[in-house]
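A.B. asks: What follows is data-v7.txt; its format and atoms are compact mmCIF, C-alpha atoms and all ligand atoms.
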# COMPACT_ATOMS: atom_id res chain seq x y z
CA MET A 139 -19.48 16.44 -15.18
CA SER A 140 -17.63 14.54 -17.90
CA ASP A 141 -13.87 14.28 -17.96
CA PRO A 142 -12.38 16.85 -20.38
CA PHE A 143 -9.16 14.83 -20.41
CA ALA A 144 -10.83 11.58 -21.43
CA ALA A 145 -8.96 11.57 -24.74
CA ARG A 146 -5.70 10.70 -23.00
CA TYR A 147 -7.07 7.27 -22.11
CA LEU A 148 -8.38 6.06 -25.47
CA GLY A 149 -7.22 6.04 -29.04
CA ARG A 150 -8.54 8.73 -31.36
CA LEU A 151 -10.77 6.24 -33.14
CA VAL A 152 -13.49 6.14 -30.53
CA LEU A 153 -13.45 9.90 -30.25
CA GLY A 154 -14.02 10.43 -33.97
CA GLY A 155 -10.47 11.08 -35.12
CA GLY A 156 -10.91 8.57 -37.93
CA VAL A 157 -7.49 6.89 -37.79
CA ALA A 158 -8.27 3.28 -38.56
CA ALA A 159 -4.77 1.87 -38.57
CA VAL A 160 -5.01 -0.23 -35.42
CA LYS A 161 -7.32 -3.23 -35.47
CA CYS A 162 -8.86 -5.26 -32.67
CA ARG A 163 -6.84 -8.43 -32.21
CA THR A 164 -10.01 -10.46 -31.62
CA CYS A 165 -12.36 -9.29 -34.39
CA GLY A 166 -10.37 -7.05 -36.73
CA GLU A 167 -12.67 -4.05 -36.30
CA PRO A 168 -11.06 -0.66 -35.53
CA ALA A 169 -9.51 -0.69 -32.05
CA VAL A 170 -10.37 1.89 -29.40
CA ILE A 171 -7.35 1.19 -27.24
CA ASN A 172 -3.85 0.08 -28.00
CA MET A 173 -2.00 -1.29 -24.98
CA ARG A 174 1.63 -1.27 -26.02
CA GLN A 175 2.60 -2.82 -22.69
CA HIS A 176 0.58 -5.94 -23.57
CA LYS A 177 1.06 -5.68 -27.35
CA LEU A 178 -2.72 -5.78 -27.50
CA ALA A 179 -5.26 -3.58 -29.28
CA LEU A 180 -9.01 -4.14 -28.86
CA CYS A 181 -12.37 -2.76 -29.95
CA ALA A 182 -14.82 -1.49 -27.32
CA ASP A 183 -16.74 -4.76 -26.83
CA HIS A 184 -13.65 -6.93 -26.69
CA TYR A 185 -11.88 -4.48 -24.40
CA VAL A 186 -14.73 -4.54 -21.87
CA ALA A 187 -14.80 -8.35 -21.95
CA TRP A 188 -11.00 -8.53 -21.62
CA PHE A 189 -11.00 -6.15 -18.65
CA GLN A 190 -13.70 -8.08 -16.79
CA GLY A 191 -12.00 -11.39 -17.53
CA GLN A 192 -8.65 -10.11 -16.29
CA THR A 193 -10.23 -8.88 -13.06
CA GLU A 194 -11.75 -12.32 -12.48
CA ARG A 195 -8.34 -13.87 -13.16
CA PHE A 196 -6.54 -11.59 -10.65
CA ILE A 197 -9.19 -12.28 -7.97
CA GLY A 198 -8.60 -16.01 -8.40
CA LYS A 199 -4.82 -15.85 -8.80
CA TYR A 200 -4.28 -13.94 -5.56
CA GLY A 201 -7.10 -15.74 -3.69
CA MET A 202 -8.88 -12.45 -2.93
CA PHE A 203 -12.41 -13.76 -2.31
CA THR A 204 -15.00 -16.24 -3.53
CA SER A 205 -18.49 -15.66 -4.89
CA GLU A 206 -19.89 -16.89 -1.55
CA GLU A 207 -18.19 -14.05 0.32
CA ARG A 208 -19.73 -10.59 0.68
CA VAL A 209 -17.50 -7.78 -0.55
CA LEU A 210 -17.55 -4.14 0.56
CA VAL A 211 -16.16 -1.89 -2.19
CA ALA A 212 -14.77 1.43 -0.96
CA VAL A 213 -15.99 3.91 -3.57
CA SER A 214 -14.58 7.41 -3.74
CA GLY A 215 -16.62 8.51 -6.77
CA GLY A 216 -13.45 8.29 -8.88
CA LYS A 217 -12.98 6.14 -11.95
CA ASP A 218 -11.08 3.23 -10.37
CA SER A 219 -13.43 2.41 -7.53
CA LEU A 220 -16.60 2.87 -9.60
CA ALA A 221 -15.13 0.67 -12.33
CA LEU A 222 -14.31 -1.92 -9.67
CA TRP A 223 -17.83 -1.93 -8.29
CA ASP A 224 -19.22 -2.22 -11.83
CA VAL A 225 -16.99 -5.18 -12.69
CA LEU A 226 -17.71 -7.04 -9.46
CA LEU A 227 -21.47 -6.65 -9.91
CA THR A 228 -21.20 -7.72 -13.55
CA LEU A 229 -19.20 -10.80 -12.57
CA GLY A 230 -21.97 -11.70 -10.11
CA TYR A 231 -20.17 -11.01 -6.84
CA GLN A 232 -22.13 -9.86 -3.78
CA ALA A 233 -20.67 -6.37 -3.75
CA ASP A 234 -21.99 -3.37 -1.82
CA GLY A 235 -20.41 0.09 -1.81
CA LEU A 236 -19.13 2.37 0.95
CA TYR A 237 -18.71 6.09 0.41
CA ILE A 238 -17.04 8.16 3.14
CA GLY A 239 -17.92 11.87 3.10
CA LEU A 240 -14.76 13.58 4.29
CA GLY A 241 -16.14 17.12 4.15
CA ILE A 242 -13.60 18.37 1.60
CA ASP A 243 -14.63 21.33 -0.50
CA GLY A 244 -11.45 22.93 -1.85
CA GLY A 245 -13.45 25.34 -4.02
CA VAL A 246 -14.60 22.44 -6.22
CA GLN A 247 -17.15 20.86 -3.86
CA TYR A 248 -14.97 17.77 -3.97
CA SER A 249 -16.87 15.66 -1.43
CA ALA A 250 -20.34 16.75 -2.56
CA GLU A 251 -19.51 15.98 -6.21
CA SER A 252 -17.93 12.63 -5.47
CA LEU A 253 -20.89 11.56 -3.30
CA GLU A 254 -23.20 12.41 -6.17
CA MET A 255 -21.17 10.22 -8.54
CA ALA A 256 -21.31 7.27 -6.13
CA GLN A 257 -25.04 7.72 -5.56
CA ARG A 258 -25.77 8.09 -9.25
CA PHE A 259 -23.92 4.87 -9.97
CA ALA A 260 -25.75 2.97 -7.21
CA ALA A 261 -29.14 4.27 -8.38
CA GLY A 262 -28.46 2.95 -11.88
CA ARG A 263 -27.59 -0.59 -10.80
CA ALA A 264 -30.32 -2.87 -9.49
CA GLY A 265 -29.40 -4.33 -6.12
CA ALA A 266 -26.36 -2.09 -5.59
CA GLU A 267 -26.48 -0.98 -1.97
CA LEU A 268 -24.41 2.07 -1.02
CA HIS A 269 -23.47 2.78 2.60
CA VAL A 270 -22.69 6.45 3.21
CA VAL A 271 -20.78 7.66 6.25
CA ASP A 272 -20.77 11.44 6.53
CA ILE A 273 -17.95 12.45 8.87
CA ALA A 274 -19.09 16.04 9.41
CA GLY A 275 -22.65 14.86 10.01
CA GLU A 276 -21.55 12.28 12.58
CA TYR A 277 -18.77 14.17 14.33
CA GLY A 278 -19.60 17.82 13.74
CA LEU A 279 -16.57 18.69 11.61
CA GLY A 280 -15.10 17.58 8.28
CA VAL A 281 -11.63 16.06 8.06
CA PRO A 282 -9.75 19.27 7.02
CA GLU A 283 -11.15 21.22 9.99
CA ALA A 284 -10.57 18.35 12.41
CA ALA A 285 -7.00 18.00 11.15
CA GLN A 286 -6.48 21.74 11.47
CA LEU A 287 -7.49 21.61 15.13
CA THR A 288 -5.23 18.69 15.94
CA ILE A 289 -2.13 19.15 13.79
CA ARG A 290 -2.61 22.94 13.73
CA GLY A 291 -1.79 23.44 10.07
CA ARG A 292 1.71 21.98 10.30
CA THR A 293 1.06 19.60 7.45
CA LYS A 294 -1.75 18.75 5.05
CA PRO A 295 -4.72 16.78 6.37
CA CYS A 296 -3.85 13.72 4.24
CA ALA A 297 -2.43 11.59 7.08
CA VAL A 298 -5.47 12.28 9.28
CA CYS A 299 -7.72 11.63 6.29
CA GLY A 300 -6.05 8.28 5.58
CA MET A 301 -6.46 7.22 9.20
CA VAL A 302 -10.14 8.25 9.21
CA LYS A 303 -10.78 6.31 5.98
CA ARG A 304 -9.06 3.16 7.26
CA HIS A 305 -11.00 3.31 10.52
CA VAL A 306 -14.41 3.80 8.89
CA MET A 307 -13.77 1.18 6.21
CA ASN A 308 -12.90 -1.44 8.82
CA ARG A 309 -15.81 -0.51 11.06
CA VAL A 310 -18.44 -0.66 8.32
CA ALA A 311 -17.01 -3.91 6.93
CA ARG A 312 -17.02 -5.55 10.37
CA ASP A 313 -20.40 -4.26 11.48
CA GLY A 314 -21.96 -5.26 8.15
CA GLY A 315 -20.51 -8.77 8.26
CA TYR A 316 -18.47 -8.34 5.05
CA ALA A 317 -15.70 -10.86 4.49
CA VAL A 318 -13.48 -8.45 2.63
CA LEU A 319 -12.91 -4.80 1.80
CA ALA A 320 -11.91 -3.97 -1.79
CA THR A 321 -10.29 -0.70 -2.90
CA GLY A 322 -9.71 0.65 -6.38
CA HIS A 323 -5.91 1.04 -6.20
CA ASN A 324 -4.44 0.55 -9.68
CA LEU A 325 -0.98 -0.33 -10.95
CA ASP A 326 0.08 3.32 -11.15
CA ASP A 327 -0.80 3.72 -7.45
CA GLU A 328 0.94 0.51 -6.42
CA ALA A 329 4.06 1.14 -8.51
CA ALA A 330 4.36 4.68 -7.09
CA VAL A 331 4.12 3.36 -3.50
CA LEU A 332 6.64 0.65 -4.34
CA PHE A 333 8.98 3.21 -5.88
CA GLY A 334 8.78 5.43 -2.78
CA ASN A 335 9.37 2.54 -0.42
CA THR A 336 12.30 1.36 -2.52
CA LEU A 337 13.91 4.82 -2.67
CA HIS A 338 13.95 4.85 1.12
CA TRP A 339 14.49 1.09 1.56
CA GLN A 340 11.52 0.85 3.87
CA VAL A 341 11.72 -2.90 4.05
CA GLY A 342 8.93 -3.16 6.61
CA TYR A 343 6.53 -1.48 4.19
CA LEU A 344 7.90 -3.49 1.27
CA ALA A 345 7.29 -6.71 3.19
CA ARG A 346 3.65 -5.73 3.70
CA GLN A 347 2.81 -4.37 0.23
CA ALA A 348 0.61 -6.97 -1.47
CA PRO A 349 -2.62 -7.41 -3.46
CA VAL A 350 -4.16 -9.09 -0.41
CA LEU A 351 -3.74 -8.22 3.28
CA GLN A 352 -5.21 -11.05 5.30
CA GLU A 353 -7.63 -10.42 8.14
CA SER A 354 -6.06 -10.29 11.59
CA ALA A 355 -7.17 -12.12 14.69
CA GLY A 356 -7.66 -8.75 16.40
CA GLY A 357 -10.47 -7.73 14.04
CA LEU A 358 -8.95 -6.11 10.96
CA VAL A 359 -10.86 -7.30 7.89
CA ARG A 360 -9.14 -8.71 4.82
CA LYS A 361 -8.21 -6.00 2.30
CA VAL A 362 -7.81 -6.57 -1.42
CA LYS A 363 -6.86 -4.58 -4.52
CA PRO A 364 -8.33 -6.40 -7.54
CA PHE A 365 -7.10 -3.67 -9.96
CA CYS A 366 -3.48 -3.66 -8.79
CA ARG A 367 -2.31 -4.96 -12.19
CA PHE A 368 -4.27 -2.53 -14.36
CA TYR A 369 -2.69 0.67 -15.62
CA GLU A 370 -4.64 3.80 -14.69
CA ARG A 371 -5.30 4.31 -18.38
CA GLU A 372 -6.92 0.86 -18.55
CA THR A 373 -9.35 1.46 -15.67
CA ALA A 374 -10.17 4.90 -17.12
CA ALA A 375 -10.85 3.39 -20.55
CA TYR A 376 -13.19 0.83 -18.98
CA THR A 377 -15.09 3.52 -17.07
CA LEU A 378 -15.46 5.65 -20.20
CA LEU A 379 -16.55 2.76 -22.39
CA GLN A 380 -19.14 1.68 -19.80
CA GLY A 381 -20.47 5.25 -19.67
CA ILE A 382 -19.87 5.55 -15.93
CA ASP A 383 -19.77 9.16 -14.70
CA TYR A 384 -16.95 9.82 -12.25
CA ILE A 385 -15.30 12.73 -10.52
CA TYR A 386 -12.19 13.53 -12.50
CA VAL A 387 -10.72 16.25 -10.29
CA GLU A 388 -8.23 15.08 -7.71
CA CYS A 389 -8.59 15.81 -4.03
CA PRO A 390 -7.47 19.46 -3.66
CA PHE A 391 -4.92 18.41 -1.05
CA ALA A 392 -3.24 15.93 -3.41
CA ASP A 393 -1.44 18.74 -5.20
CA GLY A 394 2.31 18.42 -4.76
CA ALA A 395 2.09 14.98 -3.10
CA THR A 396 5.26 12.89 -3.39
CA SER A 397 3.29 10.07 -4.99
CA ILE A 398 2.46 12.39 -7.91
CA HIS A 399 6.18 13.01 -8.53
CA HIS A 400 6.84 9.29 -8.37
CA LYS A 401 4.05 8.67 -10.87
CA LEU A 402 5.59 11.21 -13.25
CA VAL A 403 8.99 9.53 -13.02
CA LEU A 404 7.46 6.11 -13.70
CA ASN A 405 5.44 7.51 -16.61
CA GLY A 406 8.68 8.80 -18.10
CA LEU A 407 10.22 5.33 -17.87
CA GLU A 408 7.06 3.76 -19.27
CA ALA A 409 7.11 6.08 -22.30
CA GLU A 410 10.67 4.96 -23.07
CA ALA A 411 9.97 1.27 -22.54
CA PRO A 412 6.29 0.20 -22.45
CA GLY A 413 5.66 -2.37 -19.72
CA THR A 414 8.26 -0.99 -17.30
CA LYS A 415 5.72 -0.20 -14.59
CA LEU A 416 4.07 -3.61 -14.75
CA GLN A 417 7.43 -5.38 -14.78
CA PHE A 418 8.61 -3.36 -11.78
CA TYR A 419 5.53 -4.35 -9.77
CA LEU A 420 5.33 -7.99 -10.88
CA SER A 421 9.05 -8.59 -10.32
CA PHE A 422 8.64 -7.17 -6.84
CA LEU A 423 5.72 -9.51 -6.09
CA GLN A 424 7.77 -12.43 -7.39
CA ALA A 425 10.75 -11.50 -5.22
CA ARG A 426 8.43 -11.09 -2.26
CA ARG A 427 6.90 -14.52 -2.86
CA ALA A 428 10.39 -16.00 -3.10
CA GLY A 429 11.09 -14.66 0.39
CA ALA A 430 13.19 -11.57 -0.42
CA PHE A 431 11.53 -9.70 2.45
CA ALA A 432 10.79 -12.65 4.72
CA GLY A 433 11.08 -11.78 8.39
CA MET A 434 11.29 -8.05 7.66
CA GLU A 435 7.67 -7.24 8.51
CA GLY A 436 8.75 -6.38 12.01
CA SER A 437 7.06 -8.03 14.95
CA ALA A 438 3.32 -7.54 14.86
CA PRO A 439 2.48 -4.97 17.53
CA GLU A 440 -0.03 -6.02 20.14
CA MET A 441 -3.60 -5.38 19.03
CA LEU A 442 -6.07 -4.20 21.67
CA ALA A 443 -9.74 -3.28 21.47
CA CYS A 444 -10.25 0.50 21.71
CA ARG A 445 -11.96 1.38 25.00
CA THR A 446 -14.23 3.87 23.22
CA CYS A 447 -15.27 2.16 19.98
CA GLY A 448 -14.09 -1.42 20.36
CA GLN A 449 -12.18 -1.43 17.07
CA PRO A 450 -8.73 -3.03 16.98
CA THR A 451 -5.83 -0.70 17.61
CA THR A 452 -2.09 -0.87 18.10
CA ALA A 453 -2.01 2.59 19.70
CA GLY A 454 -2.63 1.60 23.32
CA ASP A 455 -6.11 1.43 24.85
CA GLN A 456 -7.71 4.04 22.60
CA CYS A 457 -7.53 4.11 18.81
CA ALA A 458 -6.18 7.07 16.84
CA PHE A 459 -9.64 7.82 15.46
CA CYS A 460 -11.28 8.17 18.87
CA ARG A 461 -8.32 10.17 20.17
CA LEU A 462 -8.68 12.55 17.22
CA TRP A 463 -12.30 13.33 17.98
CA GLU A 464 -11.63 13.67 21.70
CA THR A 465 -8.91 16.24 20.97
CA VAL A 466 -11.23 18.01 18.54
CA ARG A 467 -14.00 18.21 21.16
CA VAL A 468 -11.64 19.66 23.76
CA ARG A 469 -9.97 22.20 21.45
CA ARG A 470 -13.15 23.31 19.73
CA HIS A 471 -14.61 24.54 22.94
CA SER A 472 -11.46 25.88 24.58
P1 LIG A 501 -6.89 7.30 -2.94
O1 LIG A 501 -6.24 7.06 -1.64
O2 LIG A 501 -7.73 8.56 -2.97
O3 LIG A 501 -6.02 7.11 -4.14
O4 LIG A 501 -8.00 6.15 -3.06
C1 LIG A 501 -7.65 4.80 -3.09
C2 LIG A 501 -8.88 3.97 -2.89
O5 LIG A 501 -9.44 4.21 -1.61
C3 LIG A 501 -10.02 4.28 -3.87
O6 LIG A 501 -9.87 3.56 -5.07
C4 LIG A 501 -11.22 3.83 -3.09
O7 LIG A 501 -11.38 2.44 -3.17
C5 LIG A 501 -10.85 4.19 -1.66
N1 LIG A 501 -11.37 5.53 -1.27
C6 LIG A 501 -10.75 6.73 -1.39
N2 LIG A 501 -11.52 7.72 -0.93
C7 LIG A 501 -12.67 7.16 -0.48
C8 LIG A 501 -13.87 7.67 0.11
N3 LIG A 501 -14.04 8.96 0.33
N4 LIG A 501 -14.85 6.78 0.42
C9 LIG A 501 -14.68 5.46 0.20
N5 LIG A 501 -13.56 4.93 -0.35
C10 LIG A 501 -12.57 5.76 -0.69
FE1 LIG A 502 -8.08 12.79 2.01
FE2 LIG A 502 -7.29 14.21 0.02
S1 LIG A 502 -8.69 12.54 -0.01
S2 LIG A 502 -6.83 14.53 2.08
ZN ZN A 503 -13.08 -6.69 -31.33
ZN ZN A 504 -11.78 3.88 18.89
Would it be possible to restate this file's structure as structure tokens?
C.D. replies:
Amino acid sequence: MSDPFAARYLGRLVLGGGVAAVKCRTCGEPAVINMRQHKLALCADHYVAWFQGQTERFIGKYGMFTSEERVLVAVSGGKDSLALWDVLLTLGYQADGLYIGLGIDGGVQYSAESLEMAQRFAAGRAGAELHVVDIAGEYGLGVPEAAQLTIRGRTKPCAVCGMVKRHVMNRVARDGGYAVLATGHNLDDEAAVLFGNTLHWQVGYLARQAPVLQESAGGLVRKVKPFCRFYERETAAYTLLQGIDYIYVECPFADGATSIHHKLVLNGLEAEAPGTKLQFYLSFLQARRAGAFAGMEGSAPEMLACRTCGQPTTAGDQCAFCRLWETVRVRRHS
């Protein structure tokens, strides 16, 4: 299924609009994308090269990983994570994929479609190994139904879903001997989280928001976001130009999420003054590096090994994931 909204990411030139006013800064041919925030317009070939080069630069700048380390890329079937996997393979990193089937349908077969996108990508790239964890297959119920049984419809399943994803990502990365887990979060995602945390002055969260979260002694793997400085439009343009098929519909539960409102506000600011989003995020990282949030992380809670699965947890002797499925088992049959 191709994205009917693709035009919002690229200039009209590539889509046949025939406006040849903007030229590639490198070669002078018609540009396909004009990034006002960088004062940079590029043709398709030079854009793809620029995007890959920038990713390599961010990986090095933030010390995310080296080419000797094995990387597990969490792929949702969306444009950001598939673009990330594509770039890492192209740059020669040892990158495998992980897709987590959450059992979300929402009338659009969301999980089935996104799995297909991830599998199609993997099949088209020699040596790209995709791990698939199907939650309903392993535990008998998908995330929405499991959440319904435990939180009883009080809220959306998103919090449960986030916990399940974090648990599975860490487990597969650890069991597979990966040095690092990479996600496709982009600048729009990071700026929206930053905006939310700032609105509520959640200094603990602010202190921990970073492109790299180091591994912990208790067994949490290192987590990195190589695309944290790319605008969503930039990752989308890369995916389109590389001809990668992705699922363009959002998770059906995302509708009305606070982060979407925050993204709209930031987009409004960006339209007025291109570069605002990037400046907001980079200035925050700079302030963080300078110690603005030093000592505000809160004391690290004690990390124990879950008695059921052995994964690290701060929630006592059993992790939230194992507790979820125990509750589900009890309530399903009561
Ligand atoms: P989201 O929280 O949906 O904005 O996704 C953020 C990142 O989490 C994506 O870019 C992926 O790297 C990862 N991710 C989200 N959903 C999945 C999934 N079902 N399986 C694997 N990784 C995922
Ligand atoms: Fe998990 Fe939407 S992706 S609730
Ligand atoms: Zn060019
Ligand atoms: Zn557990």
A.B. asks: Could you check which of A:Asn308, A:Thr377, A:Gln286, A:Thr396 is closest to ligand ZN 504 (chain A), using only C-alpha atoms and all ligand atoms?
C.D. replies: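 The shortest atom-to-atom distance to ligand ZN 504 (chain A) comes from A:Asn308.
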A.B. asks: Could you give me the residues within 12 Å of ligand ZN 503 (chain A), counting all atoms listed in the file, as a list in words?
C.D. replies: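 Residues satisfying the distance criterion: Val160, Lys161, Cys162, Arg163, Thr164, Cys165, Gly166, Glu167, Pro168, Ala169, Val170, Ile171, Asn172, Leu178, Ala179, Leu180, Cys181, Ala182, Asp183, His184, Tyr185, Val186, Ala187 and Trp188 of chain A.
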A.B. asks: Quick one: residues within 9 Å of Ala144 (chain A), all atoms listed in the file counted, chain neighbours fewer than 4 positions away excluded, as a PyMOL selection string?
C.D. replies: chain A and resi 140+148+374-375+378
A.B. asks: Print the selection's residues with C-alpha atoms to a file, as an mmCIF file, keeping the file's coordinate frame.
C.D. replies:
data_model
loop_
_atom_site.group_PDB
_atom_site.id
_atom_site.type_symbol
_atom_site.label_atom_id
_atom_site.label_comp_id
_atom_site.auth_asym_id
_atom_site.auth_seq_id
_atom_site.Cartn_x
_atom_site.Cartn_y
_atom_site.Cartn_z
ATOM 1 C CA SER A 140 -17.630 14.540 -17.900
ATOM 2 C CA LEU A 148 -8.380 6.060 -25.470
ATOM 3 C CA ALA A 374 -10.170 4.900 -17.120
ATOM 4 C CA ALA A 375 -10.850 3.390 -20.550
ATOM 5 C CA LEU A 378 -15.460 5.650 -20.200
#
A.B. asks: Considering only C-alpha atoms and all ligand atoms, can you say which of A:Ala297, A:Ala345, A:Val331, A:Val350 comes closest to ligand LIG 502 (chain A)?
C.D. replies: A:Ala297
A.B. asks: CA of Ala260 (chain A) and CA of Asp383 (chain A) are how many Å apart?
C.D. replies: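 Interatomic distance, CA of Ala260 (chain A) to CA of Asp383 (chain A): 11.4 Å.
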A.B. asks: Please return as a ChimeraX atom specification the residues found within 9 Å of ligand LIG 502 (chain A), counting only C-alpha atoms and all ligand atoms.
C.D. replies: /A:214,240,242,249,281-282,294-300,302-303,388-392
A.B. asks: Would you give the centre and edge lengths, in Å to one decimal, of a box along x, y and z around the listed atoms of region 366-371 of chain A, with 8 Å added to each side, as JSON?
C.D. replies:
{"center_x": -3.8, "center_y": -0.3, "center_z": -13.6, "size_x": 19.0, "size_y": 25.3, "size_z": 25.6}
A.B. asks: Report, in Å with one decimal, the straight-line distance from CA of Lys363 (chain A) to CA of Val387 (chain A).
C.D. replies: 22.0 Å
A.B. asks: Using all atoms listed in the file, determine which residues fall within 6 Å of ligand ZN 504 (chain A), then list them as a tab-separated table (two decimals) with C-alpha atoms, in the coordinates of the input.
C.D. replies:
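Saved result, out33.tsv, follows:
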chain	number	residue	atom	x	y	z
A	444	CYS	CA	-10.25	0.50	21.71
A	446	THR	CA	-14.23	3.87	23.22
A	447	CYS	CA	-15.27	2.16	19.98
A	448	GLY	CA	-14.09	-1.42	20.36
A	449	GLN	CA	-12.18	-1.43	17.07
A	456	GLN	CA	-7.71	4.04	22.60
A	457	CYS	CA	-7.53	4.11	18.81
A	459	PHE	CA	-9.64	7.82	15.46
A	460	CYS	CA	-11.28	8.17	18.87
A.B. asks: Expressed in Å to a single decimal, how great is the separation between CA of Asn335 (chain A) and CA of Leu236 (chain A)?
C.D. replies: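 CA of Leu236 (chain A) lies at a distance of 28.5 Å from CA of Asn335 (chain A).
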A.B. asks: Would you list the residues that come within 9 Å of ligand LIG 501 (chain A)? Count all atoms listed in the file and give the answer as a tab-separated table (two decimals) with C-alpha atoms, in the coordinates of the input.
C.D. replies:
chain	number	residue	atom	x	y	z
A	211	VAL	CA	-16.16	-1.89	-2.19
A	212	ALA	CA	-14.77	1.43	-0.96
A	213	VAL	CA	-15.99	3.91	-3.57
A	214	SER	CA	-14.58	7.41	-3.74
A	215	GLY	CA	-16.62	8.51	-6.77
A	216	GLY	CA	-13.45	8.29	-8.88
A	217	LYS	CA	-12.98	6.14	-11.95
A	218	ASP	CA	-11.08	3.23	-10.37
A	219	SER	CA	-13.43	2.41	-7.53
A	220	LEU	CA	-16.60	2.87	-9.60
A	222	LEU	CA	-14.31	-1.92	-9.67
A	235	GLY	CA	-20.41	0.09	-1.81
A	236	LEU	CA	-19.13	2.37	0.95
A	237	TYR	CA	-18.71	6.09	0.41
A	238	ILE	CA	-17.04	8.16	3.14
A	239	GLY	CA	-17.92	11.87	3.10
A	240	LEU	CA	-14.76	13.58	4.29
A	249	SER	CA	-16.87	15.66	-1.43
A	252	SER	CA	-17.93	12.63	-5.47
A	253	LEU	CA	-20.89	11.56	-3.30
A	270	VAL	CA	-22.69	6.45	3.21
A	271	VAL	CA	-20.78	7.66	6.25
A	300	GLY	CA	-6.05	8.28	5.58
A	303	LYS	CA	-10.78	6.31	5.98
A	304	ARG	CA	-9.06	3.16	7.26
A	306	VAL	CA	-14.41	3.80	8.89
A	307	MET	CA	-13.77	1.18	6.21
A	319	LEU	CA	-12.91	-4.80	1.80
A	320	ALA	CA	-11.91	-3.97	-1.79
A	321	THR	CA	-10.29	-0.70	-2.90
A	322	GLY	CA	-9.71	0.65	-6.38
A	323	HIS	CA	-5.91	1.04	-6.20
A	324	ASN	CA	-4.44	0.55	-9.68
A	327	ASP	CA	-0.80	3.72	-7.45
A	363	LYS	CA	-6.86	-4.58	-4.52
A	388	GLU	CA	-8.23	15.08	-7.71
A	389	CYS	CA	-8.59	15.81	-4.03
A	392	ALA	CA	-3.24	15.93	-3.41
A.B. asks: What's around region 201-204 of chain A at 9 Å? Count only C-alpha atoms, leave out sequence neighbours fewer than 2 positions away in its own chain, and write the answer as a ChimeraX atom specification.
C.D. replies: /A:196-199,206-209,231,317-318,349-350,360-364
A.B. asks: Looking at all atoms listed in the file, which of A:Tyr343, A:Phe259, A:Tyr386, A:Trp223 is the one that sits closest to Pro142 (chain A)?
C.D. replies: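 That would be A:Tyr386, the residue with the smallest distance to Pro142 (chain A).
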A.B. asks: Restricting the calculation to all atoms listed in the file, which member of A:Leu423, A:Thr336, A:Tyr384, A:Thr414 is positioned closest to Tyr248 (chain A)?
C.D. replies: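 Smallest distance to Tyr248 (chain A) is found for A:Tyr384.
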A.B. asks: Looking at A:Gly191, A:His269, A:Gly241, A:Arg263, which one is nearest to Ala284 (chain A), with distances taken over only C-alpha atoms?
C.D. replies: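 Smallest separation from Ala284 (chain A) among the options: A:Gly241.
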A.B. asks: Using all atoms listed in the file, determine which residues lie at most 8 Å from Gly356 (chain A), disregarding the query and same-chain residues fewer than 3 positions distant; provide the list as a CSV table (one decimal) with C-alpha atoms, in the coordinates of the input.
C.D. replies:
chain,number,residue,atom,x,y,z
A,441,MET,CA,-3.6,-5.4,19.0
A,442,LEU,CA,-6.1,-4.2,21.7
A,443,ALA,CA,-9.7,-3.3,21.5
A,450,PRO,CA,-8.7,-3.0,17.0
